[in-house]
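Structure file model.tsv (TSV, C-alpha atoms) is printed below.
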chain	number	residue	atom	x	y	z
A	1	MET	CA	14.33	-23.65	51.44
A	2	THR	CA	16.69	-23.46	48.46
A	3	ARG	CA	15.19	-22.63	45.08
A	4	VAL	CA	16.63	-22.45	41.58
A	5	ARG	CA	15.13	-20.00	39.10
A	6	SER	CA	13.48	-21.45	36.02
A	7	GLY	CA	16.24	-20.08	33.86
A	8	ALA	CA	18.82	-22.24	35.68
A	9	THR	CA	19.65	-25.80	34.71
A	10	PRO	CA	17.72	-28.22	36.93
A	11	PRO	CA	19.09	-31.58	38.05
A	12	ALA	CA	18.69	-34.43	35.61
A	13	VAL	CA	15.32	-36.15	35.87
A	14	VAL	CA	13.69	-38.97	33.99
A	15	ALA	CA	11.28	-37.58	31.46
A	16	PRO	CA	8.53	-39.52	29.71
A	17	ALA	CA	9.75	-41.62	26.82
A	18	PRO	CA	9.03	-40.40	23.30
A	19	GLY	CA	5.51	-41.20	22.28
A	20	GLY	CA	4.48	-41.70	25.89
A	21	GLY	CA	2.26	-38.62	25.80
A	22	GLU	CA	1.57	-36.22	28.60
A	23	SER	CA	-1.88	-37.27	29.66
A	24	GLY	CA	-3.17	-40.29	31.49
A	25	SER	CA	-1.63	-42.16	34.39
A	26	PRO	CA	2.07	-42.95	34.20
A	27	SER	CA	1.23	-46.41	35.45
A	28	SER	CA	-0.09	-47.09	31.97
A	29	GLU	CA	3.26	-46.03	30.51
A	30	PRO	CA	5.67	-48.70	31.82
A	31	GLY	CA	8.60	-47.40	29.80
A	32	SER	CA	8.26	-43.79	30.95
A	33	TYR	CA	9.46	-43.95	34.54
A	34	GLY	CA	10.83	-47.48	34.91
A	35	ALA	CA	14.38	-46.23	35.41
A	36	LEU	CA	13.26	-44.59	38.68
A	37	ASP	CA	12.92	-48.05	40.21
A	38	LEU	CA	16.70	-48.41	40.00
A	39	LEU	CA	17.28	-45.48	42.34
A	40	ALA	CA	18.08	-45.98	46.03
A	41	THR	CA	16.08	-42.85	46.91
A	42	MET	CA	12.32	-42.35	47.10
A	43	VAL	CA	10.89	-40.77	43.95
A	44	ALA	CA	7.34	-39.79	43.01
A	45	VAL	CA	5.76	-38.13	40.00
A	46	VAL	CA	2.91	-35.92	41.18
A	47	GLY	CA	0.26	-33.61	39.83
A	48	PRO	CA	-0.04	-29.93	40.82
A	49	ASP	CA	-2.30	-30.84	43.76
A	50	GLY	CA	0.13	-33.47	45.06
A	51	SER	CA	-1.79	-36.45	43.69
A	52	LEU	CA	0.54	-39.40	43.17
A	53	LEU	CA	0.82	-40.39	39.51
A	54	TYR	CA	3.82	-42.68	39.92
A	55	VAL	CA	5.96	-43.97	42.80
A	56	ASN	CA	9.19	-45.92	42.54
A	57	ALA	CA	10.10	-49.15	44.30
A	58	MET	CA	12.01	-47.46	47.12
A	59	LEU	CA	9.00	-45.33	48.08
A	60	GLU	CA	6.88	-48.50	48.09
A	61	THR	CA	9.38	-50.12	50.45
A	62	VAL	CA	9.54	-47.21	52.90
A	63	ALA	CA	5.77	-46.74	52.90
A	64	GLY	CA	5.13	-50.46	53.26
A	65	LEU	CA	2.29	-50.22	50.74
A	66	SER	CA	1.87	-51.31	47.15
A	67	ARG	CA	2.23	-48.89	44.25
A	68	ARG	CA	-1.46	-49.27	43.41
A	69	THR	CA	-2.49	-48.33	46.95
A	70	LEU	CA	-0.10	-45.38	47.13
A	71	MET	CA	-1.38	-43.92	43.88
A	72	ARG	CA	-4.83	-43.55	45.41
A	73	SER	CA	-3.42	-40.99	47.86
A	74	SER	CA	-1.77	-37.60	47.79
A	75	LEU	CA	1.91	-37.03	48.52
A	76	LEU	CA	0.86	-34.24	50.91
A	77	GLU	CA	-0.67	-36.85	53.23
A	78	TRP	CA	2.78	-38.34	53.82
A	79	PHE	CA	4.29	-35.21	55.37
A	80	VAL	CA	3.93	-34.14	58.99
A	81	ASP	CA	3.69	-30.54	57.77
A	82	PRO	CA	2.40	-30.51	54.17
A	83	ARG	CA	2.62	-26.73	53.69
A	84	PRO	CA	6.22	-26.53	52.35
A	85	MET	CA	5.46	-29.25	49.82
A	86	ARG	CA	2.18	-27.63	48.76
A	87	ASP	CA	3.83	-24.22	48.32
A	88	THR	CA	6.80	-25.64	46.44
A	89	LEU	CA	4.63	-27.65	44.05
A	90	ALA	CA	2.61	-24.54	43.29
A	91	ALA	CA	5.77	-22.52	42.58
A	92	VAL	CA	7.22	-25.19	40.29
A	93	VAL	CA	3.96	-25.69	38.39
A	94	ARG	CA	3.66	-21.91	37.88
A	95	ASN	CA	7.20	-22.02	36.48
A	96	GLU	CA	8.44	-19.60	39.12
A	97	VAL	CA	11.31	-22.01	39.85
A	98	ALA	CA	12.67	-25.03	38.01
A	99	THR	CA	13.75	-26.88	41.13
A	100	ALA	CA	13.60	-26.42	44.90
A	101	ARG	CA	15.06	-28.16	47.94
A	102	PHE	CA	13.98	-28.27	51.56
A	103	ASP	CA	14.12	-30.52	54.61
A	104	ALA	CA	10.94	-32.12	55.87
A	105	VAL	CA	9.61	-34.97	57.99
A	106	MET	CA	7.69	-37.81	56.38
A	107	LYS	CA	5.30	-40.22	58.06
A	108	ARG	CA	5.99	-43.93	57.77
A	109	ALA	CA	2.27	-44.30	57.11
A	110	PRO	CA	-0.42	-41.60	56.80
A	111	VAL	CA	-2.19	-42.86	59.91
A	112	ALA	CA	0.99	-43.27	61.96
A	113	ALA	CA	2.39	-39.81	62.51
A	114	HIS	CA	4.53	-41.09	65.40
A	115	GLU	CA	6.69	-43.08	62.94
A	116	GLN	CA	8.62	-40.27	61.31
A	117	LEU	CA	11.43	-40.10	58.77
A	118	PRO	CA	13.51	-36.93	58.27
A	119	VAL	CA	14.16	-36.40	54.55
A	120	HIS	CA	15.73	-33.91	52.18
A	121	VAL	CA	13.23	-33.14	49.41
A	122	ILE	CA	14.07	-32.11	45.83
A	123	VAL	CA	11.17	-30.90	43.68
A	124	THR	CA	11.91	-30.59	39.94
A	125	GLN	CA	10.03	-29.72	36.78
A	126	ILE	CA	9.76	-32.48	34.20
A	127	ASP	CA	9.04	-29.95	31.49
A	128	HIS	CA	7.57	-26.46	31.64
A	129	ARG	CA	4.87	-27.59	29.17
A	130	THR	CA	3.43	-30.16	31.59
A	131	ASP	CA	2.14	-29.85	35.13
A	132	ARG	CA	3.78	-33.07	36.27
A	133	VAL	CA	6.55	-32.72	38.83
A	134	VAL	CA	9.27	-35.11	40.03
A	135	VAL	CA	9.76	-35.23	43.80
A	136	GLU	CA	12.84	-36.98	45.18
A	137	MET	CA	13.14	-37.71	48.91
A	138	LEU	CA	16.50	-38.64	50.39
A	139	GLU	CA	16.66	-40.15	53.87
A	140	ILE	CA	18.86	-37.88	55.95
A	141	GLU	CA	19.94	-40.88	58.03
A	142	GLN	CA	20.75	-43.03	54.99
A	143	GLN	CA	24.42	-42.04	54.85
A	144	THR	CA	24.70	-42.41	58.62
A	145	ARG	CA	23.26	-45.91	58.36
A	146	GLN	CA	25.74	-46.88	55.64
A	147	ASP	CA	28.59	-45.60	57.80
A	148	ARG	CA	27.29	-47.70	60.70
A	149	GLU	CA	27.14	-50.80	58.49
A	150	GLU	CA	30.71	-50.29	57.33
A	151	ARG	CA	31.88	-49.85	60.92
A	152	ALA	CA	29.98	-52.99	61.94
A	153	LEU	CA	31.62	-55.02	59.19
A	154	GLY	CA	35.03	-53.78	60.23
A	155	GLN	CA	34.26	-54.43	63.86
A	156	VAL	CA	33.29	-58.04	63.13
A	157	GLN	CA	36.59	-58.70	61.37
A	158	VAL	CA	38.58	-57.18	64.24
A	159	THR	CA	36.51	-59.10	66.79
A	160	LYS	CA	37.01	-62.35	64.89
A	161	GLU	CA	40.79	-61.99	64.90
A	162	LEU	CA	40.81	-60.93	68.55
A	163	ILE	CA	38.70	-63.91	69.58
A	164	ARG	CA	40.84	-66.37	67.64
A	165	ASN	CA	44.08	-65.07	69.10
A	166	LEU	CA	42.71	-64.79	72.63
A	167	ALA	CA	41.11	-68.25	72.51
A	168	HIS	CA	44.32	-69.93	71.44
A	169	GLU	CA	46.27	-68.08	74.14
A	170	ILE	CA	43.77	-69.25	76.77
A	171	LYS	CA	43.29	-72.88	75.66
A	172	ASN	CA	46.84	-74.12	76.16
A	173	PRO	CA	47.29	-72.87	79.74
A	174	LEU	CA	43.78	-74.12	80.59
A	175	GLY	CA	44.70	-77.63	79.53
A	176	GLY	CA	47.82	-77.51	81.67
A	177	ILE	CA	45.93	-76.17	84.70
A	178	ARG	CA	43.26	-78.86	84.43
A	179	GLY	CA	45.80	-81.63	83.95
A	180	ALA	CA	47.86	-80.46	86.92
A	181	ALA	CA	44.74	-80.34	89.11
A	182	GLN	CA	43.86	-83.93	88.14
A	183	LEU	CA	47.37	-85.15	88.95
A	184	LEU	CA	47.34	-83.31	92.27
A	185	GLU	CA	43.95	-84.83	93.15
A	186	MET	CA	45.36	-88.34	92.62
A	187	GLU	CA	48.03	-87.62	95.23
A	188	LEU	CA	45.64	-86.24	97.85
A	189	SER	CA	44.10	-88.46	100.49
A	190	SER	CA	41.96	-85.81	102.16
A	191	ARG	CA	38.47	-85.37	100.74
A	192	GLU	CA	38.39	-81.77	101.94
A	193	LEU	CA	41.47	-80.98	99.86
A	194	THR	CA	40.10	-82.70	96.74
A	195	GLU	CA	37.17	-80.30	96.86
A	196	TYR	CA	39.64	-77.53	95.97
A	197	THR	CA	41.00	-79.44	93.00
A	198	GLN	CA	37.44	-80.08	91.84
A	199	VAL	CA	36.83	-76.32	91.87
A	200	ILE	CA	39.91	-75.84	89.67
A	201	ILE	CA	38.77	-78.55	87.24
A	202	ARG	CA	35.18	-77.24	87.03
A	203	GLU	CA	36.30	-73.66	86.42
A	204	ALA	CA	38.80	-74.80	83.80
A	205	ASP	CA	35.99	-76.72	82.06
A	206	ARG	CA	33.73	-73.68	82.23
A	207	LEU	CA	36.36	-71.46	80.63
A	208	GLN	CA	37.01	-74.14	77.99
A	209	ALA	CA	33.30	-74.19	77.13
A	210	LEU	CA	33.30	-70.39	76.88
A	211	VAL	CA	36.27	-70.46	74.50
A	212	ASP	CA	34.58	-73.14	72.39
A	213	ARG	CA	31.45	-70.98	72.15
A	214	LEU	CA	33.54	-68.00	71.05
A	215	LEU	CA	35.17	-70.06	68.31
A	216	ALA	CA	32.04	-71.99	67.28
A	217	PRO	CA	30.70	-69.64	64.55
A	218	HIS	CA	34.12	-69.47	62.89
A	219	ARG	CA	34.66	-73.23	62.98
A	220	ARG	CA	31.23	-74.34	61.86
A	221	PRO	CA	30.88	-74.98	58.12
A	222	HIS	CA	28.32	-72.92	56.18
A	223	VAL	CA	25.68	-75.50	55.12
A	224	VAL	CA	23.84	-73.94	52.19
A	225	GLY	CA	20.34	-74.95	51.16
A	226	ASP	CA	16.95	-73.46	50.30
A	227	VAL	CA	15.63	-71.38	53.21
A	228	ASN	CA	12.10	-70.12	53.82
A	229	VAL	CA	12.31	-67.26	56.31
A	230	HIS	CA	8.84	-68.05	57.65
A	231	GLU	CA	9.86	-71.61	58.50
A	232	VAL	CA	12.74	-70.08	60.44
A	233	CYS	CA	10.33	-67.73	62.26
A	234	GLU	CA	7.86	-70.52	63.05
A	235	ARG	CA	10.62	-72.71	64.49
A	236	VAL	CA	11.79	-69.86	66.71
A	237	ARG	CA	8.23	-69.04	67.73
A	238	ALA	CA	7.58	-72.64	68.78
A	239	LEU	CA	10.80	-72.79	70.83
A	240	ILE	CA	10.11	-69.50	72.62
A	241	LEU	CA	6.51	-70.39	73.49
A	242	ALA	CA	7.63	-73.81	74.74
A	243	GLU	CA	10.06	-72.17	77.16
A	244	PHE	CA	7.78	-69.24	78.12
A	245	PRO	CA	4.24	-70.67	77.96
A	246	ARG	CA	2.50	-68.10	80.18
A	247	GLY	CA	2.01	-64.37	79.82
A	248	LEU	CA	3.79	-64.07	76.46
A	249	LYS	CA	2.34	-63.64	72.97
A	250	VAL	CA	4.53	-64.14	69.90
A	251	GLN	CA	2.66	-62.45	67.07
A	252	ARG	CA	3.17	-63.11	63.36
A	253	ASP	CA	3.19	-60.33	60.77
A	254	TYR	CA	4.43	-62.03	57.59
A	255	ASP	CA	4.74	-61.03	53.96
A	256	THR	CA	4.02	-64.46	52.50
A	257	SER	CA	5.13	-63.39	49.01
A	258	LEU	CA	8.81	-63.47	50.02
A	259	PRO	CA	10.72	-66.10	48.01
A	260	GLU	CA	13.06	-68.75	49.32
A	261	PHE	CA	16.78	-68.03	49.22
A	262	ARG	CA	20.04	-69.91	49.56
A	263	GLY	CA	21.43	-69.95	53.07
A	264	ASP	CA	22.19	-71.91	56.21
A	265	ARG	CA	18.84	-72.60	57.84
A	266	GLU	CA	20.24	-73.69	61.21
A	267	GLN	CA	22.47	-70.63	61.50
A	268	LEU	CA	19.53	-68.31	60.79
A	269	ILE	CA	17.33	-70.15	63.30
A	270	GLN	CA	20.06	-69.72	65.91
A	271	ALA	CA	20.48	-66.01	65.08
A	272	VAL	CA	16.76	-65.23	65.35
A	273	LEU	CA	16.39	-67.47	68.42
A	274	ASN	CA	19.20	-65.66	70.25
A	275	ILE	CA	17.47	-62.31	69.69
A	276	ALA	CA	13.98	-63.58	70.53
A	277	HIS	CA	15.25	-65.39	73.63
A	278	ASN	CA	16.91	-62.20	74.89
A	279	ALA	CA	13.64	-60.36	74.29
A	280	ALA	CA	11.65	-62.98	76.20
A	281	GLN	CA	14.01	-62.80	79.17
A	282	ALA	CA	13.73	-59.00	79.19
A	283	LEU	CA	9.93	-59.34	79.29
A	284	SER	CA	9.81	-61.25	82.58
A	285	GLU	CA	7.98	-58.46	84.45
A	286	ARG	CA	5.43	-58.02	81.68
A	287	MET	CA	4.84	-61.77	81.58
A	288	GLU	CA	3.71	-61.59	85.19
A	289	SER	CA	1.06	-59.06	84.20
A	290	GLY	CA	0.20	-61.04	81.03
A	291	ASP	CA	0.89	-58.35	78.41
A	292	ALA	CA	4.34	-59.36	77.10
A	293	VAL	CA	4.49	-59.32	73.29
A	294	ILE	CA	7.13	-60.28	70.73
A	295	VAL	CA	6.37	-59.57	67.06
A	296	LEU	CA	8.05	-61.40	64.17
A	297	ARG	CA	7.59	-59.24	61.07
A	298	THR	CA	8.82	-59.88	57.51
A	299	ARG	CA	8.82	-57.49	54.58
A	300	ALA	CA	10.42	-57.13	51.16
A	301	ALA	CA	12.86	-54.28	50.53
A	302	ARG	CA	14.00	-53.08	47.12
A	303	GLN	CA	17.19	-51.40	45.94
A	304	VAL	CA	19.08	-52.06	49.18
A	305	THR	CA	22.73	-51.15	49.68
A	306	ILE	CA	24.68	-53.39	52.07
A	307	GLY	CA	28.38	-52.87	52.57
A	308	LYS	CA	28.66	-50.72	49.41
A	309	GLN	CA	27.01	-53.47	47.34
A	310	ARG	CA	23.61	-52.89	45.72
A	311	PHE	CA	20.87	-55.54	45.79
A	312	LYS	CA	17.61	-55.28	43.87
A	313	LEU	CA	15.65	-57.23	46.48
A	314	ALA	CA	16.15	-58.10	50.15
A	315	LEU	CA	14.11	-59.48	53.00
A	316	GLU	CA	13.62	-57.51	56.18
A	317	LEU	CA	12.99	-59.38	59.42
A	318	HIS	CA	12.02	-57.39	62.50
A	319	ILE	CA	12.02	-58.91	65.98
A	320	GLU	CA	10.11	-56.42	68.13
A	321	ASP	CA	9.23	-56.52	71.81
A	322	ASN	CA	7.51	-54.25	74.31
A	323	GLY	CA	10.10	-54.73	77.05
A	324	PRO	CA	12.09	-52.15	79.03
A	325	GLY	CA	14.59	-51.60	76.22
A	326	VAL	CA	18.35	-51.99	75.92
A	327	PRO	CA	20.24	-49.97	78.56
A	328	GLU	CA	21.37	-46.74	76.93
A	329	GLU	CA	24.96	-47.12	78.09
A	330	ILE	CA	25.45	-50.33	76.06
A	331	GLN	CA	23.28	-49.66	73.00
A	332	ASP	CA	26.34	-48.93	70.86
A	333	ARG	CA	28.11	-52.07	72.08
A	334	ILE	CA	25.44	-54.76	72.28
A	335	PHE	CA	26.96	-56.78	69.43
A	336	TYR	CA	30.41	-56.82	71.03
A	337	PRO	CA	31.39	-60.13	72.63
A	338	LEU	CA	30.91	-60.45	76.41
A	339	VAL	CA	28.71	-57.31	76.58
A	340	SER	CA	25.38	-58.06	78.28
A	341	GLY	CA	22.62	-55.96	79.78
A	342	ARG	CA	21.36	-58.83	81.93
A	343	ASP	CA	22.80	-60.27	85.11
A	344	GLY	CA	24.18	-63.71	84.37
A	345	GLY	CA	24.19	-63.18	80.60
A	346	SER	CA	27.20	-64.47	78.65
A	347	GLY	CA	27.19	-61.58	76.18
A	348	LEU	CA	27.65	-63.97	73.25
A	349	GLY	CA	24.10	-64.39	71.88
A	350	LEU	CA	23.98	-61.17	69.85
A	351	THR	CA	27.60	-61.55	68.74
A	352	LEU	CA	26.76	-64.96	67.28
A	353	ALA	CA	23.57	-63.58	65.71
A	354	GLN	CA	25.54	-60.80	64.01
A	355	THR	CA	28.15	-63.27	62.75
A	356	PHE	CA	25.53	-65.63	61.29
A	357	VAL	CA	23.63	-62.79	59.59
A	358	GLN	CA	26.80	-61.33	58.08
A	359	GLN	CA	27.74	-64.76	56.75
A	360	HIS	CA	24.58	-64.35	54.62
A	361	GLN	CA	25.80	-60.93	53.34
A	362	GLY	CA	23.24	-59.31	55.62
A	363	THR	CA	23.17	-56.68	58.33
A	364	ILE	CA	21.59	-56.46	61.76
A	365	GLU	CA	20.77	-53.31	63.71
A	366	CYS	CA	18.92	-52.44	66.89
A	367	THR	CA	16.80	-49.46	67.85
A	368	SER	CA	15.56	-49.35	71.41
A	369	GLU	CA	13.59	-47.19	73.78
A	370	PRO	CA	11.57	-48.08	76.88
A	371	GLY	CA	8.54	-50.07	75.75
A	372	ARG	CA	9.82	-50.81	72.25
A	373	THR	CA	12.93	-52.59	70.99
A	374	ILE	CA	13.37	-53.65	67.36
A	375	PHE	CA	16.13	-55.82	65.92
A	376	HIS	CA	16.21	-55.23	62.18
A	377	ILE	CA	17.77	-57.96	60.00
A	378	VAL	CA	18.27	-57.41	56.26
A	379	ILE	CA	19.39	-60.27	54.00
A	380	PRO	CA	19.70	-59.95	50.20
A	381	LEU	CA	17.47	-62.14	48.04
A	382	PRO	CA	18.25	-63.55	44.56
Hey, can you dump this file as structure tokens for me?
Amino acid sequence: MTRVRSGATPPAVVAPAPGGGESGSPSSEPGSYGALDLLATMVAVVGPDGSLLYVNAMLETVAGLSRRTLMRSSLLEWFVDPRPMRDTLAAVVRNEVATARFDAVMKRAPVAAHEQLPVHVIVTQIDHRTDRVVVEMLEIEQQTRQDREERALGQVQVTKELIRNLAHEIKNPLGGIRGAAQLLEMELSSRELTEYTQVIIREADRLQALVDRLLAPHRRPHVVGDVNVHEVCERVRALILAEFPRGLKVQRDYDTSLPEFRGDREQLIQAVLNIAHNAAQALSERMESGDAVIVLRTRAARQVTIGKQRFKLALELHIEDNGPGVPEEIQDRIFYPLVSGRDGGSGLGLTLAQTFVQQHQGTIECTSEPGRTIFHIVIPLP
């Protein structure tokens, strides 16, 4: 733990506005801490016992609970080991130190200790005359995630150029091969020999269809209209249950307060359907035992950074399943074209999903382990 003596200059914090007073709940002082909502890190104002007096929008988002609900709890409840936080708060309130830093592990929810989030914690005095303390929590993986997003954006551009160049190089010879096979078939009198030309024609057509699928997302115009993410989810849910009617549950977990946004509804349906369809196919063994589950979950996220651009509000869509998980050897490459973890898979479904999501300025990521796979889509909202 790193501590700074009270005589040192602490990091800049947001102090109560003049006239705001030092008693009462900060929630009744909307001007006092409003600037904290603009931060991309989790911030709380707490009392000496850890009671939450104010939480910013980012902490609401990570916790998945409203500000009002959070402020009925103690910040100590949100740490796997509350002792470092308790000791640090006591030292800061006693004015032994002005600020202190340490690494800790937060719970995603007080009752869900298995969902953990490593954070770097900064505890700072507001003023030595008050017992309120500012606690800032920075996700240790946040920078890593931003680096992954930047790499993904770069990878998509490289992939797009590669696909275009490769497709054009393949298409012309394919047309010549197919045409030559047709001409040769017209000259053949033996039915046995024409079977060989038919193989050539069918395989040329199959490769042509593959090339067309590779080029499809880059050719298709972006049709913009008002999109309700829950209409997208319901359409996907209906399609999946129609194809897999037995042994599979597709559960809804929606935040119905999410607003509509401008986007291409059909592209988003296709993106979510590709992911959900892959999940359903991976659940074939669980369907036989009747306990296969796919969850469609929507949430609002605030102060989101995507590709170095900041957005005040975004929607989060999780497609979760309880299947065997993505094979570890391809987890870093599942969005690459022609990479598939399933026999007979084309390896294009997730590539198309990533392309469609990124055309909406969004990102898509996957975390997977045996028994739990989550595809996490984030799209900025107006």
_Give me the residues near Gly290 of chain A as a list in words, where near means some atom within 7 Å (using all atoms listed in the file) and where sequence neighbours in that chain fewer than 4 positions away do not count._
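Here the qualifying residues turn out to be Gly247, Leu248 and Arg286 of chain A.
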Which residues are near Ala63 of chain A? Cut-off 12 Å, all atoms listed in the file, ignore same chain within fewer than 5 positions. Put them as a PDB file with C-alpha atoms, keeping the file's coordinate frame.
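Listed below is the output, selection-v4.pdb:
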ATOM      1  CA  MET A  42      12.320 -42.350  47.100  1.00  0.00           C
ATOM      2  CA  VAL A  43      10.890 -40.770  43.950  1.00  0.00           C
ATOM      3  CA  VAL A  55       5.960 -43.970  42.800  1.00  0.00           C
ATOM      4  CA  ASN A  56       9.190 -45.920  42.540  1.00  0.00           C
ATOM      5  CA  ALA A  57      10.100 -49.150  44.300  1.00  0.00           C
ATOM      6  CA  MET A  58      12.010 -47.460  47.120  1.00  0.00           C
ATOM      7  CA  THR A  69      -2.490 -48.330  46.950  1.00  0.00           C
ATOM      8  CA  LEU A  70      -0.100 -45.380  47.130  1.00  0.00           C
ATOM      9  CA  MET A  71      -1.380 -43.920  43.880  1.00  0.00           C
ATOM     10  CA  SER A  73      -3.420 -40.990  47.860  1.00  0.00           C
ATOM     11  CA  LEU A  75       1.910 -37.030  48.520  1.00  0.00           C
ATOM     12  CA  GLU A  77      -0.670 -36.850  53.230  1.00  0.00           C
ATOM     13  CA  TRP A  78       2.780 -38.340  53.820  1.00  0.00           C
ATOM     14  CA  PHE A  79       4.290 -35.210  55.370  1.00  0.00           C
ATOM     15  CA  MET A 106       7.690 -37.810  56.380  1.00  0.00           C
ATOM     16  CA  LYS A 107       5.300 -40.220  58.060  1.00  0.00           C
ATOM     17  CA  ARG A 108       5.990 -43.930  57.770  1.00  0.00           C
ATOM     18  CA  ALA A 109       2.270 -44.300  57.110  1.00  0.00           C
ATOM     19  CA  PRO A 110      -0.420 -41.600  56.800  1.00  0.00           C
ATOM     20  CA  VAL A 111      -2.190 -42.860  59.910  1.00  0.00           C
ATOM     21  CA  ALA A 112       0.990 -43.270  61.960  1.00  0.00           C
ATOM     22  CA  GLU A 115       6.690 -43.080  62.940  1.00  0.00           C
ATOM     23  CA  GLN A 116       8.620 -40.270  61.310  1.00  0.00           C
ATOM     24  CA  LEU A 117      11.430 -40.100  58.770  1.00  0.00           C
ATOM     25  CA  ARG A 299       8.820 -57.490  54.580  1.00  0.00           C
ATOM     26  CA  ALA A 300      10.420 -57.130  51.160  1.00  0.00           C
ATOM     27  CA  ALA A 301      12.860 -54.280  50.530  1.00  0.00           C
ATOM     28  CA  ARG A 302      14.000 -53.080  47.120  1.00  0.00           C
TER      29      ARG A 302
END
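Look at Arg265 of chain A: the protein and nucleic acid residues within 10 Å of it, using all atoms listed in the file and passing over chain neighbours fewer than 5 places away, are His222, Val223, Val224, Gly225, Asp226, Val227, Asn228, Val229, Glu231, Val232, Gln270 and Ala271 of chain A.
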Save the residues we just selected, C-alpha atoms, as a short mmCIF file (atom, residue, chain, number, x, y, z; two decimals), in the frame of the given file?
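Result written to selection.cif:
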data_model
loop_
_atom_site.label_atom_id
_atom_site.label_comp_id
_atom_site.auth_asym_id
_atom_site.auth_seq_id
_atom_site.Cartn_x
_atom_site.Cartn_y
_atom_site.Cartn_z
CA HIS A 222 28.32 -72.92 56.18
CA VAL A 223 25.68 -75.50 55.12
CA VAL A 224 23.84 -73.94 52.19
CA GLY A 225 20.34 -74.95 51.16
CA ASP A 226 16.95 -73.46 50.30
CA VAL A 227 15.63 -71.38 53.21
CA ASN A 228 12.10 -70.12 53.82
CA VAL A 229 12.31 -67.26 56.31
CA GLU A 231 9.86 -71.61 58.50
CA VAL A 232 12.74 -70.08 60.44
CA GLN A 270 20.06 -69.72 65.91
CA ALA A 271 20.48 -66.01 65.08
#
note - atom CA of Leu59 of chain A and atom CA of Val357 of chain A are separated by 25.5 Å
- When distances are computed from only C-alpha atoms, which of A:Glu316, A:Glu234, A:Glu187, A:Asp127 shows the smallest separation from Ile269 of chain A?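 Smallest distance to Ile269 of chain A is found for A:Glu234.
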>> Report, in Å to a single decimal, how far apart atom CA of Arg297 of chain A and atom CA of His318 of chain A are.
In response: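 About the pair atom CA of His318 of chain A and atom CA of Arg297 of chain A: they are 5.0 Å apart.
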